[in-house]
$ cat start-v8.pdb   # PDB, C-alpha atoms
ATOM      1  CA  ASP A 989     121.304 128.902 119.136
ATOM      2  CA  LYS A 990     119.749 127.778 115.810
ATOM      3  CA  ALA A 991     121.399 127.574 112.425
ATOM      4  CA  VAL A 992     120.121 126.739 108.928
ATOM      5  CA  LEU A 993     122.346 125.297 106.196
ATOM      6  CA  VAL A 994     121.181 124.885 102.601
ATOM      7  CA  TRP A 995     123.258 122.233 100.838
ATOM      8  CA  GLY A 996     124.006 122.229  97.126
ATOM      9  CA  ALA A 997     123.017 119.305  94.946
ATOM     10  CA  GLY A 998     124.756 116.099  95.985
ATOM     11  CA  THR A 999     126.810 117.712  98.752
ATOM     12  CA  PHE A1000     125.148 116.268 101.862
ATOM     13  CA  ASN A1001     126.896 112.949 101.459
ATOM     14  CA  ILE A1002     128.907 111.657 104.424
ATOM     15  CA  ALA A1003     130.921 108.839 102.894
ATOM     16  CA  VAL A1004     132.569 105.961 104.749
ATOM     17  CA  GLY A1005     135.628 107.360 106.525
ATOM     18  CA  GLU A1006     134.313 110.931 106.513
ATOM     19  CA  THR A1007     133.080 112.904 109.544
ATOM     20  CA  PHE A1008     130.672 115.825 109.846
ATOM     21  CA  ASN A1009     131.099 117.605 113.183
ATOM     22  CA  PHE A1010     128.544 120.200 114.298
ATOM     23  CA  THR A1011     129.658 122.171 117.362
ATOM     24  CA  LEU A1012     126.598 123.949 118.738
ATOM     25  CA  PRO A1013     125.853 125.871 121.949
ATOM     26  CA  THR A1014     124.007 124.172 124.780
ATOM     27  CA  GLY A1015     120.445 123.511 123.648
ATOM     28  CA  GLY A1016     121.355 124.431 120.071
ATOM     29  CA  ALA A1017     120.018 122.954 116.843
ATOM     30  CA  ILE A1018     121.012 122.898 113.190
ATOM     31  CA  LEU A1019     118.677 122.439 110.214
ATOM     32  CA  ASN A1020     120.250 120.925 107.101
ATOM     33  CA  LYS A1021     118.142 121.455 103.970
ATOM     34  CA  VAL A1022     118.756 119.248 100.948
ATOM     35  CA  GLY A1023     117.004 119.886  97.644
ATOM     36  CA  TYR A1024     115.864 123.366  98.678
ATOM     37  CA  THR A1025     116.791 126.830  97.414
ATOM     38  CA  THR A1026     118.270 129.498  99.654
ATOM     39  CA  ALA A1027     114.947 131.334  99.331
ATOM     40  CA  GLY A1028     113.167 128.331 100.847
ATOM     41  CA  GLY A1029     111.517 126.870  97.748
ATOM     42  CA  LEU A1030     111.982 123.414  96.321
ATOM     43  CA  ALA A1031     115.051 122.871  94.138
ATOM     44  CA  ALA A1032     115.777 119.731  92.121
ATOM     45  CA  VAL A1033     115.065 116.493  93.985
ATOM     46  CA  ASP A1034     118.179 115.416  95.885
ATOM     47  CA  THR A1035     119.271 112.599  98.209
ATOM     48  CA  ALA A1036     120.926 113.014 101.613
ATOM     49  CA  THR A1037     123.249 110.151 102.577
ATOM     50  CA  ILE A1038     125.039 109.264 105.808
ATOM     51  CA  ASP A1039     127.460 106.333 105.524
ATOM     52  CA  GLY A1040     130.196 107.810 107.708
ATOM     53  CA  THR A1041     130.330 109.587 111.068
ATOM     54  CA  LEU A1042     128.142 112.459 112.239
ATOM     55  CA  PHE A1043     128.749 114.104 115.607
ATOM     56  CA  SER A1044     126.849 117.024 117.087
ATOM     57  CA  THR A1045     126.720 118.798 120.437
ATOM     58  CA  GLY A1046     123.086 119.739 119.702
ATOM     59  CA  LYS A1047     120.040 118.610 117.757
ATOM     60  CA  VAL A1048     120.465 117.787 114.075
ATOM     61  CA  PHE A1049     117.579 118.199 111.629
ATOM     62  CA  LEU A1050     117.882 116.810 108.107
ATOM     63  CA  LEU A1051     115.113 117.957 105.734
ATOM     64  CA  ALA A1052     115.258 116.570 102.202
ATOM     65  CA  ASN A1053     113.309 117.230  99.040
ATOM     66  CA  GLY A1054     113.963 113.636  98.026
ATOM     67  CA  ASN A1055     115.252 110.575  99.863
ATOM     68  CA  ILE A1056     117.320 110.180 103.025
ATOM     69  CA  ASN A1057     119.624 107.156 103.362
ATOM     70  CA  ILE A1058     121.230 106.206 106.687
ATOM     71  CA  GLY A1059     123.620 103.438 105.685
ATOM     72  CA  GLY A1060     124.672 100.408 107.660
ATOM     73  CA  THR A1061     128.132 101.887 108.263
ATOM     74  CA  ALA A1062     126.836 105.154 109.739
ATOM     75  CA  ALA A1063     127.918 106.158 113.249
ATOM     76  CA  ILE A1064     125.817 109.023 114.593
ATOM     77  CA  THR A1065     126.024 110.797 117.945
ATOM     78  CA  THR A1066     123.853 113.795 118.822
ATOM     79  CA  ASN A1067     123.034 115.695 121.973
ATOM     80  CA  GLY A1068     119.293 116.163 121.577
ATOM     81  CA  GLY A1069     118.483 113.845 118.714
ATOM     82  CA  LEU A1070     118.605 113.244 114.970
ATOM     83  CA  PHE A1071     115.431 114.377 113.195
ATOM     84  CA  LEU A1072     114.867 113.200 109.612
ATOM     85  CA  SER A1073     112.067 114.383 107.339
ATOM     86  CA  THR A1074     111.136 114.174 103.681
ATOM     87  CA  LEU A1075     107.894 116.082 104.251
ATOM     88  CA  GLN A1076     107.855 119.318 102.255
ATOM     89  CA  GLU A1077     108.563 122.396 104.370
ATOM     90  CA  THR A1078     109.398 125.607 102.520
ATOM     91  CA  SER A1079     109.303 127.914 105.551
ATOM     92  CA  ASP A1080     111.847 127.959 108.385
ATOM     93  CA  PHE A1081     109.304 129.564 110.733
ATOM     94  CA  SER A1082     108.623 126.484 112.847
ATOM     95  CA  PHE A1083     112.296 125.663 113.246
ATOM     96  CA  SER A1084     113.275 129.254 114.010
ATOM     97  CA  THR A1085     110.544 129.816 116.591
ATOM     98  CA  VAL A1086     110.124 126.486 118.375
ATOM     99  CA  GLY A1087     113.150 124.494 117.209
ATOM    100  CA  ALA A1088     111.153 121.807 115.406
ATOM    101  CA  LEU A1089     109.775 120.986 111.971
ATOM    102  CA  SER A1090     106.036 121.326 111.350
ATOM    103  CA  GLY A1091     105.816 117.872 109.723
ATOM    104  CA  THR A1092     102.642 118.774 107.839
ATOM    105  CA  GLY A1093     103.801 118.897 104.213
ATOM    106  CA  ALA A1094     103.415 116.362 101.414
ATOM    107  CA  SER A1095     105.938 113.582 101.109
ATOM    108  CA  THR A1096     108.867 114.105  98.744
ATOM    109  CA  GLY A1097     110.688 110.830  99.330
ATOM    110  CA  THR A1098     111.559 107.769 101.393
ATOM    111  CA  ILE A1099     113.784 107.358 104.447
ATOM    112  CA  THR A1100     115.953 104.227 104.560
ATOM    113  CA  ILE A1101     117.569 103.127 107.820
ATOM    114  CA  GLY A1102     120.382 100.577 107.694
ATOM    115  CA  ALA A1103     121.266  98.016 105.059
ATOM    116  CA  ALA A1104     120.657  94.324 104.473
ATOM    117  CA  GLY A1105     123.910  93.288 106.141
ATOM    118  CA  ALA A1106     124.788  96.134 108.509
ATOM    119  CA  SER A1107     123.237  98.261 111.261
ATOM    120  CA  PRO A1108     123.941 101.949 111.774
ATOM    121  CA  SER A1109     124.975 102.931 115.298
ATOM    122  CA  ILE A1110     122.913 105.863 116.558
ATOM    123  CA  SER A1111     123.588 107.366 119.976
ATOM    124  CA  GLY A1112     120.618 109.441 121.065
ATOM    125  CA  LEU A1113     117.082 109.883 119.770
ATOM    126  CA  LEU A1114     116.071 108.999 116.193
ATOM    127  CA  ASP A1115     112.949 110.679 114.764
ATOM    128  CA  ALA A1116     111.958 109.948 111.145
ATOM    129  CA  SER A1117     108.936 111.245 109.197
ATOM    130  CA  ALA A1118     108.382 110.400 105.531
ATOM    131  CA  GLY A1119     105.943 109.074 102.979
ATOM    132  CA  ALA A1120     107.488 105.646 103.508
ATOM    133  CA  ILE A1121     110.232 104.283 105.740
ATOM    134  CA  VAL A1122     112.440 101.295 104.914
ATOM    135  CA  SER A1123     113.768 100.077 108.260
ATOM    136  CA  HIS A1124     116.378  97.397 107.570
ATOM    137  CA  ARG A1125     118.013  97.293 110.999
ATOM    138  CA  ALA A1126     119.586  99.653 113.521
ATOM    139  CA  ALA A1127     121.067 100.012 116.993
ATOM    140  CA  VAL A1128     119.722 103.139 118.722
ATOM    141  CA  THR A1129     120.505 104.035 122.333
ATOM    142  CA  GLY A1130     117.610 106.485 122.749
ATOM    143  CA  ASP A1131     113.990 106.718 121.651
ATOM    144  CA  VAL A1132     112.919 105.848 118.104
ATOM    145  CA  ILE A1133     109.963 107.614 116.463
ATOM    146  CA  TYR A1134     108.781 106.511 113.012
ATOM    147  CA  ARG A1135     105.896 108.206 111.188
ATOM    148  CA  THR A1136     104.740 107.438 107.652
ATOM    149  CA  VAL A1137     102.160 109.601 105.889
ATOM    150  CA  THR A1138     101.534 107.836 102.565
ATOM    151  CA  ALA A1139      98.189 106.051 102.751
ATOM    152  CA  ALA A1140      98.426 102.269 103.233
ATOM    153  CA  SER A1141     102.241 102.301 103.261
ATOM    154  CA  ALA A1142     103.262  99.211 105.229
ATOM    155  CA  LEU A1143     106.206  99.416 107.614
ATOM    156  CA  ASP A1144     108.468  96.453 108.466
ATOM    157  CA  LEU A1145     110.447  97.653 111.474
ATOM    158  CA  ALA A1146     113.181  95.019 111.188
ATOM    159  CA  GLN A1147     113.252  94.044 107.546
ATOM    160  CA  SER A1148     116.805  92.685 107.414
ATOM    161  CA  GLY A1149     117.973  92.323 111.007
ATOM    162  CA  LEU A1150     117.625  93.373 114.627
ATOM    163  CA  LEU A1151     116.102  96.727 115.550
ATOM    164  CA  SER A1152     117.501  97.550 118.985
ATOM    165  CA  VAL A1153     115.917 100.525 120.759
ATOM    166  CA  GLY A1154     117.327 101.662 124.081
ATOM    167  CA  GLY A1155     114.430 103.973 124.906
ATOM    168  CA  ASN A1156     110.804 104.083 123.796
ATOM    169  CA  LEU A1157     109.576 103.061 120.341
ATOM    170  CA  THR A1158     106.711 105.030 118.772
ATOM    171  CA  VAL A1159     105.378 104.032 115.343
ATOM    172  CA  THR A1160     102.482 105.650 113.484
ATOM    173  CA  THR A1161     101.342 104.845 109.941
ATOM    174  CA  ASN A1162      98.552 106.194 107.763
ATOM    175  CA  GLY A1163      96.573 103.002 107.401
ATOM    176  CA  GLY A1164      99.676 100.901 106.805
ATOM    177  CA  ALA A1165     100.301  97.498 108.379
ATOM    178  CA  ILE A1166     103.108  97.319 110.957
ATOM    179  CA  SER A1167     105.323  94.241 111.099
ATOM    180  CA  GLY A1168     108.766  92.995 112.090
ATOM    181  CA  THR A1169     110.400  90.237 110.061
ATOM    182  CA  ASN A1170     113.339  90.083 112.447
ATOM    183  CA  ALA A1171     113.650  90.710 116.171
ATOM    184  CA  ILE A1172     112.822  94.025 117.832
ATOM    185  CA  THR A1173     114.068  94.858 121.322
ATOM    186  CA  VAL A1174     112.774  97.888 123.200
ATOM    187  CA  GLY A1175     113.978  99.055 126.596
ATOM    188  CA  GLY A1176     117.703  98.542 126.857
ATOM    189  CA  GLN A1177     118.112 101.505 129.207
ATOM    190  CA  VAL A1178     118.983 100.696 132.794
ATOM    191  CA  THR A1179     116.306 102.864 134.430
ATOM    192  CA  GLY A1180     112.555 103.121 133.846
ATOM    193  CA  ASN A1181     110.104 101.049 131.863
ATOM    194  CA  GLN A1182     110.289 101.711 128.134
ATOM    195  CA  THR A1183     107.183 101.428 125.949
ATOM    196  CA  ALA A1184     106.525 100.335 122.384
ATOM    197  CA  THR A1185     103.547 102.357 121.096
ATOM    198  CA  LEU A1186     102.191 101.197 117.738
ATOM    199  CA  SER A1187      99.328 102.807 115.805
ATOM    200  CA  THR A1188      98.057 102.121 112.297
ATOM    201  CA  GLY A1189      96.271 105.474 112.233
ATOM    202  CA  VAL A1190      92.972 103.810 111.324
ATOM    203  CA  THR A1191      89.816 105.026 113.059
ATOM    204  CA  SER A1192      87.166 102.953 111.271
ATOM    205  CA  GLY A1193      86.589 100.330 108.571
ATOM    206  CA  ALA A1194      88.361  97.031 108.041
ATOM    207  CA  GLY A1195      91.720  98.233 109.337
ATOM    208  CA  VAL A1196      95.160  96.687 109.005
ATOM    209  CA  SER A1197      97.169  94.425 111.289
ATOM    210  CA  VAL A1198     100.118  94.753 113.616
ATOM    211  CA  THR A1199     102.284  91.622 113.405
ATOM    212  CA  LEU A1200     105.370  91.383 115.597
ATOM    213  CA  GLY A1201     105.652  87.640 115.982
ATOM    214  CA  ASN A1202     109.408  87.030 116.067
ATOM    215  CA  ALA A1203     110.244  84.811 119.034
ATOM    216  CA  ALA A1204     113.334  86.891 119.829
ATOM    217  CA  ASN A1205     111.326  90.095 120.382
ATOM    218  CA  ASP A1206     111.844  91.727 123.774
ATOM    219  CA  PHE A1207     109.362  94.362 124.973
ATOM    220  CA  GLU A1208     108.766  95.848 128.406
ATOM    221  CA  ILE A1209     105.404  97.573 127.801
ATOM    222  CA  VAL A1210     103.409  97.478 124.555
ATOM    223  CA  SER A1211     100.504  99.723 123.537
ATOM    224  CA  VAL A1212      98.748  98.954 120.228
ATOM    225  CA  ASN A1213      96.046 100.894 118.383
ATOM    226  CA  ALA A1214      94.840  98.823 115.427
ATOM    227  CA  VAL A1215      91.177  99.596 114.785
ATOM    228  CA  GLY A1216      89.052  97.602 112.339
ATOM    229  CA  THR A1217      87.188  94.365 111.832
ATOM    230  CA  ALA A1218      90.133  92.848 109.923
ATOM    231  CA  ALA A1219      92.856  94.302 112.172
ATOM    232  CA  ASN A1220      94.677  91.522 114.000
ATOM    233  CA  VAL A1221      97.414  91.990 116.581
ATOM    234  CA  THR A1222     100.205  89.424 116.934
ATOM    235  CA  LEU A1223     102.944  89.892 119.533
ATOM    236  CA  ALA A1224     105.766  87.627 120.693
TER     237      ALA A1224
END
$ encode --input "start-v8.pdb" --output "structure tokens"
Amino acid sequence: DKAVLVWGAGTFNIAVGETFNFTLPTGGAILNKVGYTTAGGLAAVDTATIDGTLFSTGKVFLLANGNINIGGTAAITTNGGLFLSTLQETSDFSFSTVGALSGTGASTGTITIGAAGASPSISGLLDASAGAIVSHRAAVTGDVIYRTVTAASALDLAQSGLLSVGGNLTVTTNGGAISGTNAITVGGQVTGNQTATLSTGVTSGAGVSVTLGNAANDFEIVSVNAVGTAANVTLA
């Protein structure tokens, strides 16, 4: 129920008007490797781009040795979630045994979600791990999980427009400030109470702030971990 595809240079590029359709068995998952060799090592740095339509009956993993761009025109539907990572992972062991990426390698690139004037439509869970994440705007029906590993890399969750999250929002940085220039809404699902969980990953020292002060923000439950004498928390 698990498959691994290694894409040649420049070939994981879903352009506007194009559709990638992954038909998987119930509970299945597919790992798409970009910028990797068939033997598992790193190839030349490459970029994975989704500007068109991606549909899958199972989980979709996209692992890039380079950048991942989810454009504002992207329309993505998965049964189980879309998992994006630019953290180096040369072994398929974790995916093959437990159906997940280890997420422990060094960063090889940045993940960009959305564009300045357009929001991708993502049906299901969105999970992104990278050195840095550029979150312009997006409309996601499920949970959103953002994790950045580069030290002190700040994360603006809604840099260019609304970030709409139907489920829970979980954000973790490595000592990077968390902010939201534009509105963030969490909890659009009809049932349950959805939570926004925000952590700067700091355990001591001056710390960094969490600033989500847009008046149009809409949260149900918020949990913030921002340790430090200079770590301020602003919510609206």
$ resolve_selection --input "start-v8.pdb" --expression "the PyMOL selection byres ((chain A and resi 1118) around 9)" --output "CSV table (one decimal) with C-alpha atoms, keeping the file's coordinate frame"
chain,number,residue,atom,x,y,z
A,1055,ASN,CA,115.3,110.6,99.9
A,1072,LEU,CA,114.9,113.2,109.6
A,1073,SER,CA,112.1,114.4,107.3
A,1074,THR,CA,111.1,114.2,103.7
A,1075,LEU,CA,107.9,116.1,104.3
A,1091,GLY,CA,105.8,117.9,109.7
A,1094,ALA,CA,103.4,116.4,101.4
A,1095,SER,CA,105.9,113.6,101.1
A,1096,THR,CA,108.9,114.1,98.7
A,1097,GLY,CA,110.7,110.8,99.3
A,1098,THR,CA,111.6,107.8,101.4
A,1099,ILE,CA,113.8,107.4,104.4
A,1116,ALA,CA,112.0,109.9,111.1
A,1117,SER,CA,108.9,111.2,109.2
A,1119,GLY,CA,105.9,109.1,103.0
A,1120,ALA,CA,107.5,105.6,103.5
A,1121,ILE,CA,110.2,104.3,105.7
A,1134,TYR,CA,108.8,106.5,113.0
A,1135,ARG,CA,105.9,108.2,111.2
A,1136,THR,CA,104.7,107.4,107.7
A,1137,VAL,CA,102.2,109.6,105.9
A,1138,THR,CA,101.5,107.8,102.6
$ residues_around --input "start-v8.pdb" --residues "Val1196 of chain A" --least-positions-apart "4" --cutoff "10 Å" --atoms "all atoms listed in the file" --output "short mmCIF file (atom, residue, chain, number, x, y, z; two decimals) with C-alpha atoms, in the frame of the given file"
data_model
loop_
_atom_site.label_atom_id
_atom_site.label_comp_id
_atom_site.auth_asym_id
_atom_site.auth_seq_id
_atom_site.Cartn_x
_atom_site.Cartn_y
_atom_site.Cartn_z
CA ALA A 1140 98.43 102.27 103.23
CA ALA A 1142 103.26 99.21 105.23
CA GLY A 1163 96.57 103.00 107.40
CA GLY A 1164 99.68 100.90 106.80
CA ALA A 1165 100.30 97.50 108.38
CA ILE A 1166 103.11 97.32 110.96
CA THR A 1188 98.06 102.12 112.30
CA GLY A 1189 96.27 105.47 112.23
CA VAL A 1190 92.97 103.81 111.32
CA ALA A 1214 94.84 98.82 115.43
CA VAL A 1215 91.18 99.60 114.78
CA GLY A 1216 89.05 97.60 112.34
CA THR A 1217 87.19 94.36 111.83
CA ALA A 1218 90.13 92.85 109.92
CA ALA A 1219 92.86 94.30 112.17
CA ASN A 1220 94.68 91.52 114.00
CA VAL A 1221 97.41 91.99 116.58
#
$ residues_around --input "start-v8.pdb" --residues "segment 1126-1129 of chain A" --least-positions-apart "5" --cutoff "10 Å" --atoms "all atoms listed in the file" --output "MDAnalysis selection string"
chainID A and resid 1058:1060 1062:1065 1101:1103 1106:1114 1145:1146 1148:1156 1172:1177
$ resolve_selection --input "start-v8.pdb" --expression "the PyMOL selection byres ((chain A and resi 1090) around 12)" --output "PyMOL selection string"
chain A and resi 1049+1051+1071+1073-1089+1091-1094+1117
$ residues_around --input "start-v8.pdb" --residues "segment 992-997 of chain A" --least-positions-apart "6" --cutoff "10 Å" --atoms "only C-alpha atoms" --output "list of chain:residue names"
A:Ala1017, A:Ile1018, A:Leu1019, A:Asn1020, A:Lys1021, A:Val1022, A:Gly1023, A:Tyr1024, A:Thr1025, A:Thr1026, A:Ala1027, A:Gly1028, A:Ala1031, A:Ala1032, A:Val1033, A:Asp1034, A:Thr1035, A:Ala1036, A:Phe1049, A:Leu1050, A:Leu1051, A:Ala1052, A:Asp1080, A:Phe1083, A:Ser1084
$ write_last_selection --input "start-v8.pdb" --atoms "C-alpha atoms" --output "compact mmCIF listing (two decimals), keeping the file's coordinate frame"
# COMPACT_ATOMS: atom_id res chain seq x y z
CA ALA A 1017 120.02 122.95 116.84
CA ILE A 1018 121.01 122.90 113.19
CA LEU A 1019 118.68 122.44 110.21
CA ASN A 1020 120.25 120.92 107.10
CA LYS A 1021 118.14 121.46 103.97
CA VAL A 1022 118.76 119.25 100.95
CA GLY A 1023 117.00 119.89 97.64
CA TYR A 1024 115.86 123.37 98.68
CA THR A 1025 116.79 126.83 97.41
CA THR A 1026 118.27 129.50 99.65
CA ALA A 1027 114.95 131.33 99.33
CA GLY A 1028 113.17 128.33 100.85
CA ALA A 1031 115.05 122.87 94.14
CA ALA A 1032 115.78 119.73 92.12
CA VAL A 1033 115.06 116.49 93.98
CA ASP A 1034 118.18 115.42 95.88
CA THR A 1035 119.27 112.60 98.21
CA ALA A 1036 120.93 113.01 101.61
CA PHE A 1049 117.58 118.20 111.63
CA LEU A 1050 117.88 116.81 108.11
CA LEU A 1051 115.11 117.96 105.73
CA ALA A 1052 115.26 116.57 102.20
CA ASP A 1080 111.85 127.96 108.38
CA PHE A 1083 112.30 125.66 113.25
CA SER A 1084 113.28 129.25 114.01
$ atom_distance --input "start-v8.pdb" --atom1 "atom CA of Leu1157 of chain A" --atom2 "atom CA of Ser1211 of chain A"
10.2 Å
$ atom_distance --input "start-v8.pdb" --atom1 "atom CA of Asp989 of chain A" --atom2 "atom CA of Gly1016 of chain A"
4.6 Å
$ atom_distance --input "start-v8.pdb" --atom1 "atom CA of Gly1168 of chain A" --atom2 "atom CA of Thr1041 of chain A"
27.2 Å
$ axis_aligned_box --input "start-v8.pdb" --around "segment 1131-1148 of chain A" --padding-each-side "6 Å" --output "JSON"
{"center_x": 107.5, "center_y": 101.1, "center_z": 112.1, "size_x": 30.6, "size_y": 28.9, "size_z": 31.1}
$ resolve_selection --input "start-v8.pdb" --expression "the PyMOL selection byres ((chain A and resi 1046) around 10)" --output "PyMOL selection string"
chain A and resi 989-990+1010-1018+1043-1045+1047-1049+1065-1070
$ closest_residue --input "start-v8.pdb" --among "A:Val1210, A:Leu1042, A:Ala1104, A:Ala1224" --to "Ala1184 of chain A" --atoms "all atoms listed in the file"
A:Val1210
$ build_atoms --input "start-v8.pdb" --residues "segment 1100-1117 of chain A" --atoms "N, CA and C atoms" --output "mmCIF file, in the coordinates of the input"
data_model
loop_
_atom_site.group_PDB
_atom_site.id
_atom_site.type_symbol
_atom_site.label_atom_id
_atom_site.label_comp_id
_atom_site.auth_asym_id
_atom_site.auth_seq_id
_atom_site.Cartn_x
_atom_site.Cartn_y
_atom_site.Cartn_z
ATOM 1 N N THR A 1100 115.450 105.586 104.395
ATOM 2 C CA THR A 1100 115.953 104.227 104.560
ATOM 3 C C THR A 1100 116.934 104.200 105.716
ATOM 4 N N ILE A 1101 116.721 103.272 106.652
ATOM 5 C CA ILE A 1101 117.569 103.127 107.820
ATOM 6 C C ILE A 1101 118.277 101.781 107.748
ATOM 7 N N GLY A 1102 119.611 101.808 107.703
ATOM 8 C CA GLY A 1102 120.382 100.577 107.694
ATOM 9 C C GLY A 1102 120.462 99.936 106.329
ATOM 10 N N ALA A 1103 121.095 98.771 106.295
ATOM 11 C CA ALA A 1103 121.266 98.016 105.059
ATOM 12 C C ALA A 1103 121.052 96.539 105.358
ATOM 13 N N ALA A 1104 120.974 95.739 104.303
ATOM 14 C CA ALA A 1104 120.657 94.324 104.473
ATOM 15 C C ALA A 1104 121.646 93.615 105.386
ATOM 16 N N GLY A 1105 122.921 94.014 105.360
ATOM 17 C CA GLY A 1105 123.910 93.288 106.141
ATOM 18 C C GLY A 1105 124.572 94.086 107.239
ATOM 19 N N ALA A 1106 124.097 95.298 107.518
ATOM 20 C CA ALA A 1106 124.788 96.134 108.509
ATOM 21 C C ALA A 1106 123.824 97.100 109.172
ATOM 22 N N SER A 1107 124.083 97.361 110.480
ATOM 23 C CA SER A 1107 123.237 98.261 111.261
ATOM 24 C C SER A 1107 123.962 99.558 111.566
ATOM 25 N N PRO A 1108 123.343 100.700 111.317
ATOM 26 C CA PRO A 1108 123.941 101.949 111.774
ATOM 27 C C PRO A 1108 123.919 102.009 113.297
ATOM 28 N N SER A 1109 124.902 102.709 113.860
ATOM 29 C CA SER A 1109 124.975 102.931 115.298
ATOM 30 C C SER A 1109 124.557 104.363 115.576
ATOM 31 N N ILE A 1110 123.463 104.527 116.313
ATOM 32 C CA ILE A 1110 122.913 105.863 116.558
ATOM 33 C C ILE A 1110 122.815 106.078 118.060
ATOM 34 N N SER A 1111 123.596 107.033 118.559
ATOM 35 C CA SER A 1111 123.588 107.366 119.976
ATOM 36 C C SER A 1111 122.702 108.587 120.175
ATOM 37 N N GLY A 1112 121.591 108.368 120.868
ATOM 38 C CA GLY A 1112 120.618 109.441 121.065
ATOM 39 C C GLY A 1112 119.297 109.080 120.432
ATOM 40 N N LEU A 1113 118.429 110.065 120.324
ATOM 41 C CA LEU A 1113 117.082 109.883 119.770
ATOM 42 C C LEU A 1113 117.125 109.860 118.244
ATOM 43 N N LEU A 1114 116.262 109.026 117.643
ATOM 44 C CA LEU A 1114 116.071 108.999 116.193
ATOM 45 C C LEU A 1114 114.598 109.244 115.899
ATOM 46 N N ASP A 1115 114.314 110.309 115.122
ATOM 47 C CA ASP A 1115 112.949 110.679 114.764
ATOM 48 C C ASP A 1115 112.885 110.789 113.246
ATOM 49 N N ALA A 1116 112.032 109.978 112.607
ATOM 50 C CA ALA A 1116 111.958 109.948 111.145
ATOM 51 C C ALA A 1116 110.510 110.078 110.690
ATOM 52 N N SER A 1117 110.264 111.034 109.777
ATOM 53 C CA SER A 1117 108.936 111.245 109.197
ATOM 54 C C SER A 1117 109.072 111.287 107.683
#
